[in-house]
$ cat model.cif   # mmCIF, C-alpha atoms
data_coords
loop_
_atom_site.group_PDB
_atom_site.id
_atom_site.type_symbol
_atom_site.label_atom_id
_atom_site.label_comp_id
_atom_site.auth_asym_id
_atom_site.auth_seq_id
_atom_site.Cartn_x
_atom_site.Cartn_y
_atom_site.Cartn_z
ATOM 1 C CA MET F 1 94.919 114.452 101.861
ATOM 2 C CA LYS F 2 92.098 115.253 103.404
ATOM 3 C CA LEU F 3 89.608 113.863 101.061
ATOM 4 C CA ASN F 4 87.062 115.790 102.897
ATOM 5 C CA ALA F 5 84.775 118.259 101.870
ATOM 6 C CA VAL F 6 87.897 119.255 102.179
ATOM 7 C CA ALA F 7 89.354 117.231 99.555
ATOM 8 C CA VAL F 8 86.828 117.786 96.811
ATOM 9 C CA LEU F 9 86.271 121.502 97.149
ATOM 10 C CA SER F 10 89.760 121.874 95.710
ATOM 11 C CA GLY F 11 88.583 121.297 92.151
ATOM 12 C CA ALA F 12 85.569 123.608 92.390
ATOM 13 C CA LEU F 13 87.179 126.548 94.186
ATOM 14 C CA ALA F 14 89.625 127.771 91.582
ATOM 15 C CA LEU F 15 88.456 131.395 91.526
ATOM 16 C CA ILE F 16 88.007 134.070 94.164
ATOM 17 C CA SER F 17 84.377 134.335 95.226
ATOM 18 C CA PRO F 18 82.813 137.295 93.434
ATOM 19 C CA ALA F 19 80.840 138.206 96.573
ATOM 20 C CA HIS F 20 83.981 139.424 98.366
ATOM 21 C CA ALA F 21 86.927 141.562 97.415
ATOM 22 C CA ALA F 22 90.232 139.814 98.077
ATOM 23 C CA GLN F 23 92.140 141.042 101.120
ATOM 24 C CA PRO F 24 95.682 142.338 100.508
ATOM 25 C CA TRP F 25 97.263 139.286 102.146
ATOM 26 C CA GLU F 26 95.119 137.008 99.982
ATOM 27 C CA GLN F 27 96.350 138.794 96.858
ATOM 28 C CA THR F 28 99.920 138.348 98.107
ATOM 29 C CA VAL F 29 99.386 134.619 98.658
ATOM 30 C CA ALA F 30 97.756 134.133 95.244
ATOM 31 C CA ALA F 31 100.582 135.970 93.475
ATOM 32 C CA ALA F 32 103.255 133.908 95.241
ATOM 33 C CA ILE F 33 101.553 130.550 94.667
ATOM 34 C CA GLY F 34 100.688 131.439 91.076
ATOM 35 C CA LYS F 35 97.021 130.589 91.375
ATOM 36 C CA HIS F 36 93.982 132.305 92.850
ATOM 37 C CA GLY F 37 91.893 130.716 95.571
ATOM 38 C CA ALA F 38 88.436 131.235 97.005
ATOM 39 C CA GLU F 39 87.140 132.854 100.176
ATOM 40 C CA ILE F 40 85.359 130.221 102.245
ATOM 41 C CA PRO F 41 83.059 130.779 105.252
ATOM 42 C CA GLY F 42 85.068 130.928 108.442
ATOM 43 C CA GLY F 43 87.597 133.438 107.117
ATOM 44 C CA VAL F 44 89.551 130.861 105.111
ATOM 45 C CA TYR F 45 91.278 131.506 101.793
ATOM 46 C CA ARG F 46 91.653 128.161 100.059
ATOM 47 C CA ILE F 47 93.636 127.317 96.944
ATOM 48 C CA GLY F 48 92.835 124.063 95.168
ATOM 49 C CA LEU F 49 95.693 122.368 93.323
ATOM 50 C CA PRO F 50 94.266 119.207 91.729
ATOM 51 C CA ARG F 51 96.816 116.773 90.308
ATOM 52 C CA SER F 52 95.347 116.902 86.821
ATOM 53 C CA ASP F 53 98.795 115.984 85.504
ATOM 54 C CA LEU F 54 98.484 112.450 86.882
ATOM 55 C CA LYS F 55 96.521 109.543 85.443
ATOM 56 C CA VAL F 56 95.873 107.317 88.459
ATOM 57 C CA THR F 57 93.920 104.069 88.278
ATOM 58 C CA LEU F 58 92.584 101.874 91.068
ATOM 59 C CA ASP F 59 90.800 98.572 90.534
ATOM 60 C CA GLY F 60 90.241 99.520 86.892
ATOM 61 C CA VAL F 61 88.810 102.967 87.707
ATOM 62 C CA THR F 62 90.594 106.085 86.435
ATOM 63 C CA LEU F 63 90.392 108.494 89.357
ATOM 64 C CA LYS F 64 89.246 112.032 88.702
ATOM 65 C CA PRO F 65 91.404 114.606 90.512
ATOM 66 C CA ALA F 66 88.355 115.744 92.521
ATOM 67 C CA LEU F 67 87.826 112.225 93.864
ATOM 68 C CA ALA F 68 91.169 111.626 95.546
ATOM 69 C CA LEU F 69 93.939 113.699 93.943
ATOM 70 C CA GLY F 70 93.118 117.201 95.121
ATOM 71 C CA SER F 71 96.029 118.977 96.781
ATOM 72 C CA TRP F 72 94.908 122.066 98.669
ATOM 73 C CA LEU F 73 96.225 124.921 100.803
ATOM 74 C CA ALA F 74 94.011 126.769 103.288
ATOM 75 C CA PHE F 75 95.076 130.089 104.809
ATOM 76 C CA ALA F 76 93.469 131.991 107.696
ATOM 77 C CA PRO F 77 94.449 135.159 109.601
ATOM 78 C CA TYR F 78 96.627 134.489 112.638
ATOM 79 C CA GLY F 79 97.253 137.447 114.927
ATOM 80 C CA THR F 80 97.610 140.949 113.524
ATOM 81 C CA ASP F 81 99.774 140.484 110.442
ATOM 82 C CA GLN F 82 100.377 136.763 110.111
ATOM 83 C CA VAL F 83 98.490 133.820 108.674
ATOM 84 C CA MET F 84 98.111 130.167 109.489
ATOM 85 C CA VAL F 85 98.297 127.655 106.646
ATOM 86 C CA MET F 86 97.272 124.021 106.564
ATOM 87 C CA GLY F 87 97.217 121.750 103.566
ATOM 88 C CA ASP F 88 97.324 118.335 102.003
ATOM 89 C CA LEU F 89 99.756 117.744 99.133
ATOM 90 C CA VAL F 90 99.265 114.808 96.757
ATOM 91 C CA LEU F 91 102.689 113.542 95.695
ATOM 92 C CA THR F 92 104.189 110.646 93.819
ATOM 93 C CA ASP F 93 106.787 108.591 95.673
ATOM 94 C CA THR F 94 109.695 110.310 93.929
ATOM 95 C CA GLU F 95 108.326 113.787 94.705
ATOM 96 C CA VAL F 96 108.119 113.289 98.466
ATOM 97 C CA LYS F 97 111.801 113.776 99.328
ATOM 98 C CA PRO F 98 112.519 117.022 97.414
ATOM 99 C CA VAL F 99 109.193 118.622 98.375
ATOM 100 C CA MET F 100 109.703 117.768 102.038
ATOM 101 C CA ALA F 101 113.258 119.122 102.034
ATOM 102 C CA LYS F 102 112.136 122.465 100.581
ATOM 103 C CA LEU F 103 109.244 122.789 103.045
ATOM 104 C CA VAL F 104 111.412 121.998 106.072
ATOM 105 C CA ALA F 105 114.079 124.455 104.938
ATOM 106 C CA GLY F 106 111.394 127.142 104.693
ATOM 107 C CA GLY F 107 109.982 126.527 108.174
ATOM 108 C CA ILE F 108 106.844 124.631 107.160
ATOM 109 C CA GLU F 109 105.995 121.755 109.504
ATOM 110 C CA ILE F 110 105.195 118.275 108.187
ATOM 111 C CA THR F 111 102.311 116.936 110.282
ATOM 112 C CA ALA F 112 101.679 113.635 108.485
ATOM 113 C CA LEU F 113 102.846 111.568 105.521
ATOM 114 C CA HIS F 114 100.925 108.488 104.452
ATOM 115 C CA ASN F 115 98.739 106.757 101.892
ATOM 116 C CA HIS F 116 95.018 107.383 101.504
ATOM 117 C CA LEU F 117 94.409 104.598 98.983
ATOM 118 C CA LEU F 118 95.645 101.068 98.304
ATOM 119 C CA ARG F 119 96.643 99.494 94.981
ATOM 120 C CA ASN F 120 96.522 102.761 93.022
ATOM 121 C CA THR F 121 98.902 103.146 90.074
ATOM 122 C CA PRO F 122 100.965 105.256 90.158
ATOM 123 C CA HIS F 123 101.176 105.142 93.934
ATOM 124 C CA THR F 124 100.433 108.452 95.656
ATOM 125 C CA MET F 125 101.375 109.761 99.075
ATOM 126 C CA TYR F 126 99.673 112.556 101.002
ATOM 127 C CA MET F 127 101.767 115.115 102.864
ATOM 128 C CA HIS F 128 99.918 117.212 105.430
ATOM 129 C CA ILE F 129 101.522 120.509 106.360
ATOM 130 C CA SER F 130 101.124 123.387 108.819
ATOM 131 C CA GLY F 131 102.751 126.777 109.188
ATOM 132 C CA HIS F 132 102.420 130.220 110.780
ATOM 133 C CA GLY F 133 104.022 133.463 109.741
ATOM 134 C CA ASP F 134 104.304 136.101 107.060
ATOM 135 C CA PRO F 135 101.877 135.259 104.220
ATOM 136 C CA ALA F 136 104.312 136.166 101.434
ATOM 137 C CA GLN F 137 107.116 134.040 102.859
ATOM 138 C CA LEU F 138 104.874 131.050 103.583
ATOM 139 C CA ALA F 139 103.381 131.197 100.100
ATOM 140 C CA LYS F 140 106.818 131.471 98.465
ATOM 141 C CA THR F 141 108.065 128.420 100.350
ATOM 142 C CA LEU F 142 104.974 126.459 99.362
ATOM 143 C CA HIS F 143 105.287 127.504 95.726
ATOM 144 C CA ASP F 144 108.961 126.571 95.564
ATOM 145 C CA ALA F 145 108.256 123.188 97.156
ATOM 146 C CA LEU F 146 105.345 122.406 94.844
ATOM 147 C CA ALA F 147 107.436 123.447 91.843
ATOM 148 C CA LEU F 148 109.588 120.385 92.583
ATOM 149 C CA SER F 149 106.556 118.217 91.848
ATOM 150 C CA GLY F 150 104.338 117.979 88.796
ATOM 151 C CA THR F 151 101.548 119.896 90.542
ATOM 152 C CA PRO F 152 99.976 122.377 88.080
ATOM 153 C CA LEU F 153 100.416 125.862 89.530
ATOM 154 C CA SER F 154 98.181 127.792 87.157
ATOM 155 C CA ALA F 155 94.451 127.730 86.585
ATOM 156 C CA PRO F 156 93.244 125.870 83.476
ATOM 157 C CA PRO F 157 91.539 127.978 80.783
ATOM 158 C CA THR F 158 87.867 128.564 81.547
ATOM 159 C CA ALA F 159 85.375 127.421 78.935
ATOM 160 C CA SER F 160 82.883 130.078 77.849
ATOM 161 C CA PRO F 161 80.001 130.143 78.311
ATOM 162 C CA GLN F 162 79.982 128.045 81.468
ATOM 163 C CA VAL F 163 77.347 125.319 81.552
ATOM 164 C CA PRO F 164 76.136 123.866 84.872
ATOM 165 C CA GLU F 165 77.857 120.535 85.432
ATOM 166 C CA THR F 166 75.779 117.364 85.504
ATOM 167 C CA ILE F 167 76.659 113.911 86.760
ATOM 168 C CA ASP F 168 75.489 110.375 85.968
ATOM 169 C CA LEU F 169 74.106 109.645 89.433
ATOM 170 C CA ASP F 170 70.703 109.989 91.101
ATOM 171 C CA THR F 171 71.907 112.733 93.409
ATOM 172 C CA ALA F 172 68.453 113.347 94.903
ATOM 173 C CA ALA F 173 68.327 109.709 96.039
ATOM 174 C CA LEU F 174 71.843 109.950 97.454
ATOM 175 C CA ASP F 175 70.906 113.095 99.385
ATOM 176 C CA ARG F 176 67.847 111.398 100.867
ATOM 177 C CA ILE F 177 69.906 108.429 102.007
ATOM 178 C CA MET F 178 72.801 110.517 103.330
ATOM 179 C CA GLU F 179 70.453 113.116 104.895
ATOM 180 C CA HIS F 180 72.830 115.807 103.654
ATOM 181 C CA LYS F 181 73.193 117.799 100.446
ATOM 182 C CA GLY F 182 76.143 117.141 98.166
ATOM 183 C CA LYS F 183 77.692 119.243 95.408
ATOM 184 C CA ILE F 184 78.857 118.447 91.891
ATOM 185 C CA GLY F 185 82.398 119.431 90.983
ATOM 186 C CA GLY F 186 85.059 117.995 88.717
ATOM 187 C CA GLY F 187 82.929 114.995 87.749
ATOM 188 C CA VAL F 188 82.403 114.009 91.384
ATOM 189 C CA TYR F 189 79.467 114.312 93.785
ATOM 190 C CA ALA F 190 80.916 115.428 97.111
ATOM 191 C CA TYR F 191 79.684 115.759 100.664
ATOM 192 C CA GLY F 192 81.374 117.918 103.292
ATOM 193 C CA ILE F 193 79.758 117.325 106.680
ATOM 194 C CA PRO F 194 81.059 119.350 109.663
ATOM 195 C CA ARG F 195 81.485 117.812 113.071
ATOM 196 C CA ALA F 196 79.097 118.971 115.782
ATOM 197 C CA GLU F 197 81.905 120.798 117.546
ATOM 198 C CA ALA F 198 84.701 122.463 115.620
ATOM 199 C CA PRO F 199 88.076 120.937 116.526
ATOM 200 C CA ARG F 200 90.961 123.191 117.473
ATOM 201 C CA GLU F 201 94.575 123.224 116.396
ATOM 202 C CA GLY F 202 97.027 125.077 118.586
ATOM 203 C CA GLY F 203 94.065 126.673 120.352
ATOM 204 C CA MET F 204 92.505 127.951 117.101
ATOM 205 C CA ALA F 205 89.090 126.697 115.990
ATOM 206 C CA LEU F 206 89.359 125.035 112.586
ATOM 207 C CA PRO F 207 86.632 125.804 110.040
ATOM 208 C CA PRO F 208 85.552 122.859 107.853
ATOM 209 C CA ALA F 209 87.538 124.254 104.908
ATOM 210 C CA MET F 210 90.762 123.585 106.808
ATOM 211 C CA GLY F 211 90.185 119.851 106.772
ATOM 212 C CA SER F 212 87.994 119.267 109.807
ATOM 213 C CA SER F 213 84.821 117.848 108.230
ATOM 214 C CA GLU F 214 83.731 114.417 107.036
ATOM 215 C CA ALA F 215 84.528 114.175 103.303
ATOM 216 C CA ILE F 216 82.605 111.675 101.174
ATOM 217 C CA ASN F 217 83.002 111.578 97.394
ATOM 218 C CA PHE F 218 81.148 109.650 94.663
ATOM 219 C CA GLN F 219 82.528 109.220 91.137
ATOM 220 C CA PRO F 220 80.097 107.528 88.733
ATOM 221 C CA THR F 221 81.425 104.371 87.098
ATOM 222 C CA GLY F 222 78.351 103.497 84.991
ATOM 223 C CA GLY F 223 75.106 101.607 85.452
ATOM 224 C CA GLY F 224 74.216 103.344 88.711
ATOM 225 C CA LYS F 225 77.548 102.415 90.271
ATOM 226 C CA ALA F 226 80.077 104.731 91.844
ATOM 227 C CA ALA F 227 83.577 104.654 93.225
ATOM 228 C CA ILE F 228 83.673 106.215 96.666
ATOM 229 C CA THR F 229 86.488 107.541 98.779
ATOM 230 C CA GLY F 230 87.157 110.318 101.266
ATOM 231 C CA ASP F 231 87.779 110.384 104.980
ATOM 232 C CA PHE F 232 85.883 110.277 108.230
ATOM 233 C CA VAL F 233 87.161 112.658 110.921
ATOM 234 C CA LEU F 234 86.813 110.765 114.187
ATOM 235 C CA THR F 235 87.487 110.879 117.886
ATOM 236 C CA ALA F 236 89.131 107.797 119.393
ATOM 237 C CA ALA F 237 85.790 106.469 120.648
ATOM 238 C CA GLU F 238 84.279 106.699 117.154
ATOM 239 C CA VAL F 239 87.069 104.891 115.264
ATOM 240 C CA ASN F 240 86.128 101.253 115.696
ATOM 241 C CA PRO F 241 82.332 101.678 115.505
ATOM 242 C CA VAL F 242 82.807 103.428 112.149
ATOM 243 C CA LEU F 243 85.382 100.903 110.950
ATOM 244 C CA ARG F 244 83.106 97.967 111.760
ATOM 245 C CA THR F 245 80.121 99.649 110.098
ATOM 246 C CA LEU F 246 82.005 100.390 106.887
ATOM 247 C CA ARG F 247 83.354 96.862 106.624
ATOM 248 C CA ALA F 248 79.936 95.358 107.328
ATOM 249 C CA ASN F 249 78.615 97.311 104.337
ATOM 250 C CA GLY F 250 81.285 96.199 101.881
ATOM 251 C CA ILE F 251 83.379 99.364 102.142
ATOM 252 C CA GLU F 252 87.128 98.839 102.450
ATOM 253 C CA VAL F 253 89.027 100.814 105.092
ATOM 254 C CA THR F 254 92.297 101.836 103.429
ATOM 255 C CA ALA F 255 94.033 104.037 106.010
ATOM 256 C CA LEU F 256 93.742 105.266 109.600
ATOM 257 C CA HIS F 257 96.025 108.003 110.890
ATOM 258 C CA ASN F 258 96.424 111.573 112.117
ATOM 259 C CA HIS F 259 96.552 114.682 109.923
ATOM 260 C CA MET F 260 97.488 117.151 112.671
ATOM 261 C CA LEU F 261 99.811 117.226 115.687
ATOM 262 C CA ASP F 262 98.163 119.542 118.211
ATOM 263 C CA ASP F 263 94.444 119.002 117.639
ATOM 264 C CA GLU F 264 91.806 119.124 120.376
ATOM 265 C CA PRO F 265 90.148 116.713 120.685
ATOM 266 C CA ARG F 266 92.639 114.264 119.220
ATOM 267 C CA LEU F 267 91.292 113.283 115.814
ATOM 268 C CA PHE F 268 91.842 110.286 113.567
ATOM 269 C CA PHE F 269 91.201 110.201 109.823
ATOM 270 C CA MET F 270 89.767 107.049 108.288
ATOM 271 C CA HIS F 271 89.975 106.672 104.514
ATOM 272 C CA PHE F 272 87.857 104.233 102.559
ATOM 273 C CA TRP F 273 87.206 102.802 99.095
ATOM 274 C CA ALA F 274 84.540 100.848 97.212
ATOM 275 C CA ASN F 275 83.086 100.607 93.723
ATOM 276 C CA ASP F 276 79.502 99.330 93.783
ATOM 277 C CA ASP F 277 75.884 100.398 93.467
ATOM 278 C CA ALA F 278 75.894 104.047 94.529
ATOM 279 C CA GLN F 279 72.747 103.910 96.646
ATOM 280 C CA LYS F 280 73.883 100.735 98.390
ATOM 281 C CA LEU F 281 77.160 102.415 99.261
ATOM 282 C CA ALA F 282 75.341 105.555 100.412
ATOM 283 C CA ARG F 283 73.345 103.452 102.877
ATOM 284 C CA GLY F 284 76.572 102.046 104.289
ATOM 285 C CA LEU F 285 78.125 105.491 104.552
ATOM 286 C CA ALA F 286 75.001 106.887 106.220
ATOM 287 C CA ALA F 287 75.134 104.077 108.776
ATOM 288 C CA ALA F 288 78.756 104.957 109.504
ATOM 289 C CA LEU F 289 77.850 108.641 109.873
ATOM 290 C CA GLY F 290 75.341 107.545 112.502
ATOM 291 C CA GLN F 291 78.339 106.631 114.682
ATOM 292 C CA VAL F 292 79.825 110.141 114.408
ATOM 293 C CA ALA F 293 78.980 113.383 116.236
ATOM 294 C CA VAL F 294 78.229 115.485 113.156
ATOM 295 C CA ALA F 295 76.483 118.848 113.021
ATOM 296 C CA ALA F 296 72.728 118.821 112.597
ATOM 297 C CA ASN F 297 71.703 119.291 108.971
#

$ encode --input "model.cif" --output "structure tokens"
Amino acid sequence: MKLNAVAVLSGALALISPAHAAQPWEQTVAAAIGKHGAEIPGGVYRIGLPRSDLKVTLDGVTLKPALALGSWLAFAPYGTDQVMVMGDLVLTDTEVKPVMAKLVAGGIEITALHNHLLRNTPHTMYMHISGHGDPAQLAKTLHDALALSGTPLSAPPTASPQVPETIDLDTAALDRIMEHKGKIGGGVYAYGIPRAEAPREGGMALPPAMGSSEAINFQPTGGGKAAITGDFVLTAAEVNPVLRTLRANGIEVTALHNHMLDDEPRLFFMHFWANDDAQKLARGLAAALGQVAVAAN
């Protein structure tokens, strides 16, 4: 799951952006999935599907869905009347087999299956998917596959009036250390930091909302501490400098793998975990970012 900007936006992007009218294919996708998404810069229509049905703990911390349990599907136009879809599905061990079978039968490709975390209870797996074709058919296949899991497929009721969300962290200090601006959503402070050059998949440039940016998430755990997780999106040359930097700063590397099959350049996704003083962790993460070719802020 790309816990990347990508991963955390899923909780905050439950509604279509009011600045744009939904395109007909977007309406078709939303109807088939059973949940509306949001239009994201880069021509992406993204549907967040947080696993709010699960209560997952790790090292005594109850994980908020926005921290590490955010399934998502991102659609973009592909040709004249087709779409491309990419996504990251958070599944329990027993959900993997039936969901995979339904996706494969419907022509959706499985591009990765792996852990993002260690020691979490219940254990979760992350299934990355890719597909091209008719938007209605793709969305139906995805809906039918997700229906075999406990993934909520409808939006929760919206509280009224809406109050701006706050978080128990010094976000201004974190922003200064990280040299980027984060966003609050779902009880998590999240950073989505694009790479300097957009990667490509099958010859198509991937906007950050399709899982191509560095994703760094902070969940407050009290007393100025935070649990952090997410993933660094790295070229081969960046992998070990980032890994060594994270470990030197007390941040555990929990997974290293691919999310895509035909990406250019070849990218590796490094997931991490720690629960410590938030600003201390931010300094370690900022040092790791210094090893990565990210876009200028």

$ resolve_selection --input "model.cif" --expression "the PyMOL selection byres ((chain F and resi 233-245) around 6)" --output "list in words"
Glu214, Phe232, Leu246, Arg247, Ala248, Leu267, Phe268, Phe269 and Ala288 of chain F

$ write_last_selection --input "model.cif" --atoms "C-alpha atoms" --output "mmCIF file, keeping the file's coordinate frame"
data_model
loop_
_atom_site.group_PDB
_atom_site.id
_atom_site.type_symbol
_atom_site.label_atom_id
_atom_site.label_comp_id
_atom_site.auth_asym_id
_atom_site.auth_seq_id
_atom_site.Cartn_x
_atom_site.Cartn_y
_atom_site.Cartn_z
ATOM 1 C CA GLU F 214 83.731 114.417 107.036
ATOM 2 C CA PHE F 232 85.883 110.277 108.230
ATOM 3 C CA LEU F 246 82.005 100.390 106.887
ATOM 4 C CA ARG F 247 83.354 96.862 106.624
ATOM 5 C CA ALA F 248 79.936 95.358 107.328
ATOM 6 C CA LEU F 267 91.292 113.283 115.814
ATOM 7 C CA PHE F 268 91.842 110.286 113.567
ATOM 8 C CA PHE F 269 91.201 110.201 109.823
ATOM 9 C CA ALA F 288 78.756 104.957 109.504
#

$ residues_around --input "model.cif" --residues "segment 252-257 of chain F" --least-positions-apart "6" --cutoff "6 Å" --atoms "all atoms listed in the file" --output "list in words"
His116, Leu117, Phe268, Phe269, Met270, His271, Phe272 and Trp273 of chain F

$ closest_residue --input "model.cif" --among "F:Met86, F:Tyr45, F:Val99, F:Gly106" --to "Ala30 of chain F" --atoms "all atoms listed in the file"
F:Tyr45

$ residues_around --input "model.cif" --residues "Gln27 of chain F" --least-positions-apart "2" --cutoff "12 Å" --atoms "all atoms listed in the file" --output "ChimeraX atom specification"
/F:16,21-25,29-39,45,47,75,135-136,139

$ closest_atom_pairs --input "model.cif" --of "segment 199-230 of chain F" --to "segment 121-130 of chain F" --cutoff "12 Å" --atoms "all atoms listed in the file" --output "CSV"
residue,atom,partner,partner_atom,distance
F:Glu201,CA,F:Ser130,CA,10.0
F:Gly202,CA,F:Ser130,CA,10.7
F:Met210,CA,F:Ser130,CA,10.6
F:Gly211,CA,F:His128,CA,10.2

$ write_last_selection --input "model.cif" --atoms "C-alpha atoms" --output "tab-separated table (two decimals), in the coordinates of the input"
chain	number	residue	atom	x	y	z
F	201	GLU	CA	94.58	123.22	116.40
F	202	GLY	CA	97.03	125.08	118.59
F	210	MET	CA	90.76	123.58	106.81
F	211	GLY	CA	90.18	119.85	106.77

$ closest_residue --input "model.cif" --among "F:Asn120, F:Gln291, F:Thr221, F:Asn258" --to "Asp59 of chain F" --atoms "only C-alpha atoms"
F:Asn120

$ resolve_selection --input "model.cif" --expression "the PyMOL selection byres ((chain F and resi 56) around 10)" --output "list of chain:residue names"
F:Arg51, F:Ser52, F:Asp53, F:Leu54, F:Lys55, F:Thr57, F:Leu58, F:Gly60, F:Val61, F:Thr62, F:Leu63, F:Lys64, F:Pro65, F:Ala68, F:Leu69, F:Asn120, F:Thr121, F:Pro122, F:His123, F:Thr124

$ resolve_selection --input "model.cif" --expression "the PyMOL selection byres ((chain F and resi 108) around 12)" --output "MDAnalysis selection string"
chainID F and resid 84:87 99:107 109:111 127:134 137:145

$ decode --input "model.cif" --residues "segment 192-251 of chain F" --atoms "C-alpha atoms" --output "PDB file, in the first residue's frame"
ATOM      1  CA  GLY F 192       3.272  13.668   0.078  1.00  0.00           C
ATOM      2  CA  ILE F 193       6.521  14.706  -1.597  1.00  0.00           C
ATOM      3  CA  PRO F 194       6.827  14.191  -5.384  1.00  0.00           C
ATOM      4  CA  ARG F 195      10.017  12.980  -6.970  1.00  0.00           C
ATOM      5  CA  ALA F 196      11.928  15.479  -9.092  1.00  0.00           C
ATOM      6  CA  GLU F 197      11.021  13.580 -12.239  1.00  0.00           C
ATOM      7  CA  ALA F 198       7.689  11.829 -12.603  1.00  0.00           C
ATOM      8  CA  PRO F 199       8.169   8.081 -13.112  1.00  0.00           C
ATOM      9  CA  ARG F 200       6.399   6.332 -15.960  1.00  0.00           C
ATOM     10  CA  GLU F 201       4.431   3.118 -16.093  1.00  0.00           C
ATOM     11  CA  GLY F 202       3.918   1.530 -19.477  1.00  0.00           C
ATOM     12  CA  GLY F 203       5.090   4.783 -21.052  1.00  0.00           C
ATOM     13  CA  MET F 204       2.554   6.909 -19.132  1.00  0.00           C
ATOM     14  CA  ALA F 205       3.743   9.560 -16.677  1.00  0.00           C
ATOM     15  CA  LEU F 206       2.389   8.820 -13.208  1.00  0.00           C
ATOM     16  CA  PRO F 207       1.056  11.759 -11.182  1.00  0.00           C
ATOM     17  CA  PRO F 208       1.816  11.650  -7.437  1.00  0.00           C
ATOM     18  CA  ALA F 209      -1.770  10.581  -6.689  1.00  0.00           C
ATOM     19  CA  MET F 210      -1.111   7.267  -8.433  1.00  0.00           C
ATOM     20  CA  GLY F 211       1.468   6.256  -5.863  1.00  0.00           C
ATOM     21  CA  SER F 212       4.661   7.841  -7.147  1.00  0.00           C
ATOM     22  CA  SER F 213       5.555  10.230  -4.308  1.00  0.00           C
ATOM     23  CA  GLU F 214       7.315   9.875  -0.967  1.00  0.00           C
ATOM     24  CA  ALA F 215       4.642   9.258   1.698  1.00  0.00           C
ATOM     25  CA  ILE F 216       5.437  10.094   5.324  1.00  0.00           C
ATOM     26  CA  ASN F 217       2.772   9.904   8.029  1.00  0.00           C
ATOM     27  CA  PHE F 218       2.762  10.948  11.706  1.00  0.00           C
ATOM     28  CA  GLN F 219       0.157   9.711  14.198  1.00  0.00           C
ATOM     29  CA  PRO F 220       0.412  11.359  17.629  1.00  0.00           C
ATOM     30  CA  THR F 221       0.884   8.942  20.517  1.00  0.00           C
ATOM     31  CA  GLY F 222       1.029  11.495  23.365  1.00  0.00           C
ATOM     32  CA  GLY F 223       3.651  13.642  25.047  1.00  0.00           C
ATOM     33  CA  GLY F 224       5.064  14.986  21.787  1.00  0.00           C
ATOM     34  CA  LYS F 225       5.621  11.487  20.431  1.00  0.00           C
ATOM     35  CA  ALA F 226       4.360  10.052  17.178  1.00  0.00           C
ATOM     36  CA  ALA F 227       4.188   6.761  15.361  1.00  0.00           C
ATOM     37  CA  ILE F 228       5.511   7.125  11.840  1.00  0.00           C
ATOM     38  CA  THR F 229       5.164   4.993   8.760  1.00  0.00           C
ATOM     39  CA  GLY F 230       4.856   5.390   5.007  1.00  0.00           C
ATOM     40  CA  ASP F 231       7.155   4.646   2.118  1.00  0.00           C
ATOM     41  CA  PHE F 232      10.089   6.146   0.299  1.00  0.00           C
ATOM     42  CA  VAL F 233       9.972   5.815  -3.499  1.00  0.00           C
ATOM     43  CA  LEU F 234      13.553   5.170  -4.563  1.00  0.00           C
ATOM     44  CA  THR F 235      15.794   4.400  -7.485  1.00  0.00           C
ATOM     45  CA  ALA F 236      18.269   1.551  -7.001  1.00  0.00           C
ATOM     46  CA  ALA F 237      21.105   3.973  -6.231  1.00  0.00           C
ATOM     47  CA  GLU F 238      19.063   5.636  -3.474  1.00  0.00           C
ATOM     48  CA  VAL F 239      18.000   2.459  -1.630  1.00  0.00           C
ATOM     49  CA  ASN F 240      20.959   1.793   0.628  1.00  0.00           C
ATOM     50  CA  PRO F 241      21.823   5.431   1.431  1.00  0.00           C
ATOM     51  CA  VAL F 242      18.230   5.906   2.621  1.00  0.00           C
ATOM     52  CA  LEU F 243      18.176   2.591   4.478  1.00  0.00           C
ATOM     53  CA  ARG F 244      21.389   3.406   6.341  1.00  0.00           C
ATOM     54  CA  THR F 245      20.159   6.907   7.201  1.00  0.00           C
ATOM     55  CA  LEU F 246      16.847   5.677   8.588  1.00  0.00           C
ATOM     56  CA  ARG F 247      18.494   3.012  10.714  1.00  0.00           C
ATOM     57  CA  ALA F 248      21.090   5.462  12.014  1.00  0.00           C
ATOM     58  CA  ASN F 249      18.217   7.634  13.252  1.00  0.00           C
ATOM     59  CA  GLY F 250      16.357   4.883  15.090  1.00  0.00           C
ATOM     60  CA  ILE F 251      13.792   4.267  12.348  1.00  0.00           C
TER      61      ILE F 251
END
